[in-house]
Every structure is written in structure tokens, then in C-alpha cells.
Amino acid sequence: MAKCPICNSKKGQRQCLKVGGVVCSLCCGITRNAESCLGCTYYQKPKRLYGEVPAYTTQQMDGNQELESYGNVIEGALCTYDIETGEILKDSDAVRVIEALIDLHYFKDYQQSCDSPIIADAVAYVEKAIEDDLQEISNQIIVKILGVIRFVAKRRDKGGRDYWNIIHQYVGLRIGNGIGLMQRF
Ligand SMILES: [Zn+2]
């Protein structure tokens with residue numbers, strides 16, 4: 001019976017990517033980390049506390065035309081992508097897209113492979129809008145805008161498309177009123 005090559009005492013049970021042999025469950029749990037273990041079924045990414053990422057409050061956004069126009073770029077791109085893909089995304093998908101953008105802008109390590117293609121494409125689409133239209137805005141502000149959008153989308157999420165309906169209605173209108181995003185529609 002092969003012994004675990006890490007502790008050299010228990011029986012090895014789990015094929016380990018890191019040591020290239022079979023390790024015991026205890027050593028697996030203790031030595032697991034993001035660098036070596038990504039892709040292993042025993043490894044799970046630590047849950048990120050997106051709610052603790054710096055964010056504007058809805059009160060700070062309300063009536064602040066500058067901040068609202070930044071939010072419109074992001075939500076406008078979400079709307080366009082949603083229309084182009086046949087309006088099949090749920091509110092939870094919108095939350096995930098925004099969280100992936102927070103991965104990108106705040107945690108700096110978005111892994112596209114962890115998301116389904118439609119989500120990963122949405123992330124790329126909205127990120128392109130951010131690069132094109134918000135290039136002069138600091139990353140810190142973008143993170144806080146993403147934070148408030150996530151908060152709003154999450155609050156609306158009841159398993160359906162409440163958040164999507166709201167942004168189609170209001171962001172569409174606001175952009176129609178001329179904030180310079182007409183070329184996207
Ligand atoms: Zn061991």
C-alpha cells in the first residue's frame with residue numbers, strides 16, 4: 001500500500017497534481033493552494049467577498065450625472081449584449097458578469113475558463129465598452145461603479161429577469177436622452 005509521500009505515514013488516497021503521486025486526505029487539505037491545485041477536483045477557489053469590495057452607495061449615485069454616466073456605459077453594454085444574445089440571461093448571470101469584471105479590475109485575476117462561454121463573452125463585451133468609453137476614468141472609480149451595479153442587480157435577483165427588465169427600460173431611455181452612447185444602439 002503506497003504511503004503518502006508528504007507525511008510518509010498515512011495511506012495515499014488522492015492523486016496529487018503537485019507531488020505527482022497519491023497523497024493522504026489530510027496532507028491534501030493542508031497543502032492545497034491556488035497556484036498548484038487549480039484544475040484539481042479537490043481544489044475549490046476560495047469564495048470571494050464581493051460585498052466587501054469598495055462600492056458607491058445607491059444614494060451616492062442618485063442624481064450624480066457623472067457617476068450615472070459611467071454606470072450607463074456598463075449597463076448599456078450589458079443591455080446590448082443581452083439583446084444580441086436573445087435575452088436569455090438571468091439576473092444571476094448579470095451578477096456573475098459584474099463579479100467577473102470585479103475579478104478583473106479589483107482582484108486582478110479573472111479566469112475566463114471558470115465561466116460558461118456566454119458569460120465569458122459578456123465579460124469581454126462589457127470590458128471592451130469600459131476600455132473604449134471609460135479609458136480616462138481611474139480604476140478605483142470603475143471598481144466602485146461595478147460594486148454598486150452588483151449591489152443593485154443582486155437586490156433585484158429573484159431568480160428571473162427583474163434587473164434586466166429595469167436596465168432595458170431605464171438605461172435604454174437614459175442613453176436615448178443623449179449621453180453619447182447612441183452608436184452602440
Ligand atoms: Zn499525508
# chains A, B, ... in the order shown; residues from 1 in each chain; ligands from 1
>>> residues_near_ligand(ligand="ligand 1", cutoff="12 Å", atoms="only C-alpha atoms and all ligand atoms", output="tab-separated table (two decimals) with N, CA and C atoms, in the first residue's frame")
chain	number	residue	atom	x	y	z
A	2	ALA	N	0.67	2.12	-0.99
A	2	ALA	CA	1.54	3.31	-1.09
A	2	ALA	C	1.27	4.30	0.04
A	3	LYS	N	2.35	4.73	0.64
A	3	LYS	CA	2.20	5.75	1.68
A	3	LYS	C	2.22	7.13	1.07
A	4	CYS	N	1.58	8.06	1.75
A	4	CYS	CA	1.55	9.45	1.29
A	4	CYS	C	2.97	10.01	1.31
A	5	PRO	N	3.45	10.53	0.18
A	5	PRO	CA	4.85	11.00	0.12
A	5	PRO	C	5.09	12.28	0.92
A	6	ILE	N	4.03	12.95	1.38
A	6	ILE	CA	4.23	14.18	2.14
A	6	ILE	C	4.48	13.87	3.62
A	7	CYS	N	3.56	13.12	4.23
A	7	CYS	CA	3.74	12.82	5.66
A	7	CYS	C	4.47	11.48	5.87
A	8	ASN	N	4.46	10.67	4.83
A	8	ASN	CA	5.14	9.38	4.88
A	8	ASN	C	4.60	8.46	5.97
A	9	SER	N	3.34	8.67	6.38
A	9	SER	CA	2.78	7.77	7.38
A	9	SER	C	1.41	7.22	6.97
A	10	LYS	N	0.51	8.12	6.51
A	10	LYS	CA	-0.83	7.64	6.15
A	10	LYS	C	-0.85	7.04	4.76
A	11	LYS	N	-1.96	6.34	4.50
A	11	LYS	CA	-2.15	5.76	3.18
A	11	LYS	C	-2.54	6.84	2.17
A	12	GLY	N	-1.87	6.83	1.02
A	12	GLY	CA	-2.24	7.81	-0.01
A	12	GLY	C	-3.54	7.45	-0.68
A	13	GLN	N	-4.44	8.43	-0.86
A	13	GLN	CA	-5.74	8.15	-1.47
A	13	GLN	C	-6.06	9.07	-2.64
A	14	ARG	N	-5.41	10.20	-2.68
A	14	ARG	CA	-5.78	11.18	-3.70
A	14	ARG	C	-4.61	11.47	-4.64
A	15	GLN	N	-4.89	11.36	-5.92
A	15	GLN	CA	-3.88	11.71	-6.91
A	15	GLN	C	-3.60	13.22	-6.80
A	16	CYS	N	-2.34	13.56	-6.59
A	16	CYS	CA	-2.00	14.96	-6.34
A	16	CYS	C	-1.25	15.56	-7.52
A	19	VAL	N	2.54	16.91	-6.13
A	19	VAL	CA	3.66	15.99	-5.87
A	19	VAL	C	3.75	14.88	-6.92
A	21	GLY	N	2.08	12.19	-7.08
A	21	GLY	CA	1.80	10.84	-6.56
A	21	GLY	C	0.45	10.85	-5.85
A	22	VAL	N	0.26	9.86	-5.00
A	22	VAL	CA	-1.01	9.74	-4.30
A	22	VAL	C	-0.81	10.15	-2.84
A	23	VAL	N	-1.52	11.19	-2.42
A	23	VAL	CA	-1.32	11.72	-1.06
A	23	VAL	C	-2.52	11.41	-0.18
A	24	CYS	N	-2.36	11.55	1.13
A	24	CYS	CA	-3.48	11.30	2.04
A	24	CYS	C	-4.39	12.52	2.08
A	25	SER	N	-5.62	12.34	2.55
A	25	SER	CA	-6.59	13.43	2.51
A	25	SER	C	-6.18	14.59	3.42
A	26	LEU	N	-5.52	14.28	4.53
A	26	LEU	CA	-5.10	15.35	5.44
A	26	LEU	C	-4.05	16.25	4.78
A	27	CYS	N	-3.00	15.64	4.22
A	27	CYS	CA	-1.96	16.44	3.55
A	27	CYS	C	-2.55	17.20	2.36
A	28	CYS	N	-3.49	16.58	1.65
A	28	CYS	CA	-4.16	17.24	0.54
A	28	CYS	C	-4.80	18.54	1.03
A	29	GLY	N	-5.54	18.41	2.14
A	29	GLY	CA	-6.25	19.59	2.68
A	29	GLY	C	-5.29	20.66	3.15
A	30	ILE	N	-4.20	20.27	3.79
A	30	ILE	CA	-3.28	21.24	4.38
A	30	ILE	C	-2.44	21.96	3.31
A	31	THR	N	-2.04	21.22	2.27
A	31	THR	CA	-1.08	21.80	1.33
A	31	THR	C	-1.73	22.40	0.08
>>> select_by_dssp(residues="chain A", states="helix (DSSP H, G or I)", output="MDAnalysis selection string")
chainID A and resid 25:31 34:37 50:52 58:61 65:84 91:107 112:114 117:133 139:156 162:176 182:184
>>> write_last_selection(atoms="C-alpha atoms", output="compact mmCIF listing (two decimals), in the first residue's frame")
# COMPACT_ATOMS: atom_id res chain seq x y z
CA SER A 25 -6.59 13.43 2.51
CA LEU A 26 -5.10 15.35 5.44
CA CYS A 27 -1.96 16.44 3.55
CA CYS A 28 -4.16 17.24 0.54
CA GLY A 29 -6.25 19.59 2.68
CA ILE A 30 -3.28 21.24 4.38
CA THR A 31 -1.08 21.80 1.33
CA ALA A 34 -4.35 28.18 -5.89
CA GLU A 35 -1.04 28.02 -7.78
CA SER A 36 -0.58 24.26 -7.90
CA CYS A 37 -4.10 22.94 -7.44
CA TYR A 50 -17.67 40.78 -3.34
CA GLY A 51 -19.91 42.62 -0.89
CA GLU A 52 -16.78 43.97 0.84
CA THR A 58 -27.15 53.98 -4.48
CA GLN A 59 -27.56 57.33 -2.67
CA GLN A 60 -24.16 58.49 -3.94
CA MET A 61 -25.15 57.51 -7.47
CA GLN A 65 -24.76 62.71 -13.54
CA GLU A 66 -21.08 61.96 -13.86
CA LEU A 67 -21.23 58.70 -11.90
CA GLU A 68 -24.51 57.77 -13.56
CA SER A 69 -22.97 58.22 -16.99
CA TYR A 70 -20.18 55.78 -16.05
CA GLY A 71 -22.78 53.31 -14.83
CA ASN A 72 -24.68 53.77 -18.10
CA VAL A 73 -21.65 52.70 -20.12
CA ILE A 74 -21.51 49.41 -18.22
CA GLU A 75 -25.26 48.77 -18.03
CA GLY A 76 -25.70 49.94 -21.63
CA ALA A 77 -23.15 47.36 -22.78
CA LEU A 78 -24.93 44.71 -20.69
CA CYS A 79 -28.25 45.62 -22.38
CA THR A 80 -26.77 45.43 -25.86
CA TYR A 81 -25.13 42.09 -25.19
CA ASP A 82 -28.36 40.76 -23.72
CA ILE A 83 -30.35 41.81 -26.80
CA GLU A 84 -27.76 40.36 -29.15
CA ASP A 91 -30.30 38.24 -13.13
CA SER A 92 -27.84 35.85 -11.52
CA ASP A 93 -25.89 35.87 -14.82
CA ALA A 94 -25.74 39.67 -14.72
CA VAL A 95 -24.38 39.43 -11.17
CA ARG A 96 -21.75 36.92 -12.31
CA VAL A 97 -20.68 39.13 -15.24
CA ILE A 98 -20.23 42.07 -12.88
CA GLU A 99 -18.35 39.89 -10.38
CA ALA A 100 -16.02 38.72 -13.15
CA LEU A 101 -15.37 42.37 -14.01
CA ILE A 102 -14.60 42.95 -10.33
CA ASP A 103 -12.19 39.98 -10.55
CA LEU A 104 -10.56 41.75 -13.45
CA HIS A 105 -10.44 45.28 -12.04
CA TYR A 106 -10.10 44.68 -8.31
CA PHE A 107 -8.69 41.19 -7.66
CA GLN A 112 -12.25 33.07 -18.10
CA SER A 113 -12.19 29.27 -18.09
CA CYS A 114 -14.27 29.18 -14.90
CA PRO A 117 -18.90 30.84 -22.85
CA ILE A 118 -21.93 33.16 -22.84
CA ILE A 119 -20.81 34.68 -19.52
CA ALA A 120 -17.16 34.93 -20.59
CA ASP A 121 -18.24 36.64 -23.83
CA ALA A 122 -20.44 39.06 -21.90
CA VAL A 123 -17.48 39.91 -19.68
CA ALA A 124 -15.29 40.56 -22.73
CA TYR A 125 -18.03 42.66 -24.34
CA VAL A 126 -18.60 44.89 -21.32
CA GLU A 127 -14.86 45.15 -20.67
CA LYS A 128 -14.42 46.43 -24.22
CA ALA A 129 -17.00 49.15 -23.55
CA ILE A 130 -15.13 50.10 -20.36
CA GLU A 131 -11.85 50.28 -22.28
CA ASP A 132 -13.40 52.35 -25.08
CA ASP A 133 -15.60 54.74 -23.14
CA ASN A 139 -9.71 52.01 -11.96
CA GLN A 140 -10.71 52.84 -8.40
CA ILE A 141 -13.84 54.61 -9.62
CA ILE A 142 -14.66 51.79 -12.04
CA VAL A 143 -14.43 49.27 -9.20
CA LYS A 144 -16.84 51.34 -7.10
CA ILE A 145 -19.29 51.64 -10.02
CA LEU A 146 -19.11 47.86 -10.58
CA GLY A 147 -19.73 47.44 -6.85
CA VAL A 148 -22.94 49.46 -6.84
CA ILE A 149 -24.22 47.76 -10.01
CA ARG A 150 -23.63 44.37 -8.41
CA PHE A 151 -25.48 45.50 -5.30
CA VAL A 152 -28.49 46.64 -7.33
CA ALA A 153 -28.54 43.53 -9.56
CA LYS A 154 -28.30 41.25 -6.54
CA ARG A 155 -31.08 43.05 -4.75
CA ARG A 156 -33.34 42.62 -7.81
CA ASP A 162 -36.23 41.75 -12.92
CA TYR A 163 -32.87 43.50 -13.07
CA TRP A 164 -32.59 43.06 -16.84
CA ASN A 165 -36.07 44.50 -17.37
CA ILE A 166 -35.21 47.53 -15.27
CA ILE A 167 -32.00 48.31 -17.13
CA HIS A 168 -33.58 47.75 -20.54
CA GLN A 169 -36.25 50.24 -19.57
CA TYR A 170 -34.20 52.90 -17.82
CA VAL A 171 -30.71 52.68 -19.25
CA GLY A 172 -32.12 52.44 -22.75
CA LEU A 173 -34.10 55.61 -22.08
CA ARG A 174 -31.23 57.46 -20.45
CA ILE A 175 -28.92 56.62 -23.30
CA GLY A 176 -31.65 57.69 -25.73
CA MET A 182 -26.08 56.13 -29.45
CA GLN A 183 -23.54 54.42 -31.67
CA ARG A 184 -23.98 51.25 -29.64
